[in-house]
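Right, one structure below, let's go through it.
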Amino acid sequence: MRTTEVPRGQGDKKSYLWDKIRQSSPWRSLFRQGYPNTDENRALVMFNTFFLHIHPVNVKRHSLKISYTWGLGVISFFLLLVLVGTGAWLMFFYVPSVERAYTDMQNLETAVTFGILMRGMHRWAAHLMVVAVFLHMCRVFYTGSYKHPREFNWVIGVSLWVLTLLLSFTGYLLPWDQLSYWAITVSANIVGSFPFIGEEIRLLLLGASEAGQQALIRFYTLHIAIFPVVMTLLLGVHFWRIRKDGGLSSPQESTENEPRGAAQ
């Protein structure tokens, strides 16, 4: 019995070509699971891809609205990346020495190509990050996103806010001009007025009775090494908790998680 092959249509040819591409070795080496059209395949995409595993498999529709989050967390992280990039670039032209710090700042604005641009980006990104992180915390608070099961992540967020302020504070002394010198001197004296341990903390910050070379070295080390490492670790935990807590919160959770009888 003879059978005749039905000629392929235009749609069949595209489907056949697409199947051949997906079955090829390069494609399978890059995409090790099926197309994410089912819950299982979507989960495999997240689990098997390094850059996507931090995201939850399912996302609440309401959390995608810009009016709910205002993108403040993404803005804060973007500003941090700008600070890391510009800060690393500025390190090539700066020496933490009381004899050279201010001169290096002047050279950045007059002799270094794009120096004033990079310093301005670093400075304004630092100011904007303080504002963005603060507004992000306000959004989390007013939407009830700090409630169960996100209490631990709220503590991590508060710690990141404190670290943001500390990074801004330690970077303020580095230009070693009159403004930064007296600002740090006044701030250190305020810390020294704390009861019991204020003077010890002041000496720990400045390394001497007044701001000088020891203070500049300590603030520089805190600014470029210690605080950024701590912030990186806390950011990793922060993003991991967002993933484990099922993504961003929804408005319904603020009432669903309240104990019964609380509204009475």
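FYI, nothing fancy with the structure tokens labels: chains A, B, ... in order, residues from 1 per chain, ligands from 1 as they appear.
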
Show which residues sit within 12 Å of Pro96 in chain A, as a PyMOL selection string. Count only C-alpha atoms, and ignore same-chain residues fewer than 6 positions away. chain A and resi 90+102-105+171+173-176+212-221+223-224

Per DSSP on the backbone, what are the helix (DSSP H, G or I) residues of range 144-260 of chain A, as a ChimeraX atom specification? /A:151-171,178-192,198-206,213-244,253-256

For the residues selected in the previous step, produce a file with C-alpha atoms as a short mmCIF file (atom, residue, chain, number, x, y, z; two decimals), in the first residue's frame.
data_model
loop_
_atom_site.label_atom_id
_atom_site.label_comp_id
_atom_site.auth_asym_id
_atom_site.auth_seq_id
_atom_site.Cartn_x
_atom_site.Cartn_y
_atom_site.Cartn_z
CA GLU A 151 10.55 40.27 59.60
CA PHE A 152 14.14 39.05 59.24
CA ASN A 153 14.52 40.72 55.86
CA TRP A 154 13.25 43.97 57.38
CA VAL A 155 16.09 43.81 59.90
CA ILE A 156 18.54 43.22 57.05
CA GLY A 157 17.07 46.23 55.23
CA VAL A 158 17.50 48.46 58.29
CA SER A 159 21.12 47.28 58.55
CA LEU A 160 21.67 48.17 54.89
CA TRP A 161 20.21 51.62 55.56
CA VAL A 162 22.66 52.14 58.45
CA LEU A 163 25.53 50.96 56.24
CA THR A 164 24.47 53.42 53.53
CA LEU A 165 24.70 56.26 56.04
CA LEU A 166 28.08 55.02 57.29
CA LEU A 167 29.46 54.82 53.76
CA SER A 168 28.31 58.37 53.11
CA PHE A 169 29.82 59.51 56.42
CA THR A 170 33.22 57.88 55.86
CA GLY A 171 33.46 59.19 52.31
CA GLN A 178 37.91 72.59 55.02
CA LEU A 179 34.30 71.44 54.67
CA SER A 180 35.06 67.75 55.17
CA TYR A 181 37.65 68.34 57.91
CA TRP A 182 35.36 70.40 60.13
CA ALA A 183 32.31 68.25 59.38
CA ILE A 184 34.14 65.15 60.60
CA THR A 185 35.57 67.05 63.57
CA VAL A 186 32.13 68.21 64.67
CA SER A 187 30.63 64.73 64.08
CA ALA A 188 33.40 63.05 66.06
CA ASN A 189 32.89 65.50 68.93
CA ILE A 190 29.18 64.70 68.93
CA VAL A 191 29.99 60.99 69.13
CA GLY A 192 32.46 61.73 71.91
CA GLY A 198 31.58 58.13 73.64
CA GLU A 199 35.21 59.14 74.02
CA GLU A 200 36.43 55.60 73.26
CA ILE A 201 34.41 55.53 70.03
CA ARG A 202 35.73 58.95 69.07
CA LEU A 203 39.34 57.81 69.57
CA LEU A 204 38.59 54.64 67.62
CA LEU A 205 37.30 56.68 64.67
CA LEU A 206 40.00 59.34 64.60
CA GLN A 213 46.49 61.11 58.96
CA GLN A 214 45.24 58.30 61.20
CA ALA A 215 41.61 59.38 60.75
CA LEU A 216 42.03 59.66 56.97
CA ILE A 217 43.50 56.15 56.71
CA ARG A 218 40.78 54.66 58.91
CA PHE A 219 37.94 56.37 57.07
CA TYR A 220 39.44 55.37 53.71
CA THR A 221 39.76 51.72 54.77
CA LEU A 222 36.21 51.66 56.10
CA HIS A 223 34.90 53.36 52.97
CA ILE A 224 36.52 51.20 50.29
CA ALA A 225 36.92 47.82 52.02
CA ILE A 226 35.16 46.99 55.26
CA PHE A 227 31.74 48.60 54.74
CA PRO A 228 31.43 47.53 51.05
CA VAL A 229 32.23 43.91 51.95
CA VAL A 230 29.64 43.92 54.73
CA MET A 231 27.08 45.54 52.42
CA THR A 232 27.74 42.93 49.72
CA LEU A 233 27.13 40.11 52.19
CA LEU A 234 23.95 41.69 53.52
CA LEU A 235 22.70 42.38 50.01
CA GLY A 236 23.18 38.70 49.16
CA VAL A 237 21.14 37.71 52.21
CA HIS A 238 18.55 40.40 51.38
CA PHE A 239 18.02 39.14 47.83
CA TRP A 240 18.01 35.52 49.00
CA ARG A 241 15.29 36.27 51.55
CA ILE A 242 13.17 37.97 48.90
CA ARG A 243 13.44 34.76 46.89
CA LYS A 244 12.67 32.49 49.86
CA GLU A 253 -0.83 39.78 53.14
CA SER A 254 -0.97 42.70 55.54
CA THR A 255 -4.45 41.61 56.62
CA GLU A 256 -4.11 37.87 56.10
#

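Note that the spacing between CA of Pro149 in chain A and CA of Leu248 in chain A amounts to 11.1 Å.
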
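Distance-wise, CA of Thr86 in chain A and CA of Phe134 in chain A end up 22.1 Å apart.
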
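Every protein, DNA or RNA residue with an atom at most 9 Å from Phe78 in chain A, where only C-alpha atoms count and chain neighbours fewer than 5 positions away do not, is listed here: Gly73, Leu83 and Met129 of chain A.
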
Test item: residues at most 9 Å from Val82 in chain A, only C-alpha atoms, excluding those fewer than 6 positions along its chain, as a PyMOL selection string: chain A and resi 121-122+125

Generate a file of the selected residues that holds N, CA and C atoms, formatted as a PDB file, in the first residue's frame.
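Saved result, part.pdb, follows:
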ATOM      1  N   MET A 121      29.529  62.141  39.422  1.00  0.00           N
ATOM      2  CA  MET A 121      28.642  60.983  39.426  1.00  0.00           C
ATOM      3  C   MET A 121      28.720  60.237  40.746  1.00  0.00           C
ATOM      4  N   HIS A 122      29.934  60.088  41.276  1.00  0.00           N
ATOM      5  CA  HIS A 122      30.096  59.380  42.552  1.00  0.00           C
ATOM      6  C   HIS A 122      29.421  60.147  43.688  1.00  0.00           C
ATOM      7  N   ALA A 125      25.484  60.188  43.122  1.00  0.00           N
ATOM      8  CA  ALA A 125      24.933  58.847  43.325  1.00  0.00           C
ATOM      9  C   ALA A 125      24.875  58.511  44.812  1.00  0.00           C
TER      10      ALA A 125
END

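Of the listed residues A:Asn107, A:Gly246, A:Val140, A:Leu80, the one whose atoms come nearest to Phe93 in chain A is A:Asn107, with distances taken using only C-alpha atoms.
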
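For the set A:Val84, A:Ser63, A:Tyr68, A:Ala43, the residue with the smallest atom-to-atom gap to Cys138 in chain A is A:Tyr68, counting only C-alpha atoms.
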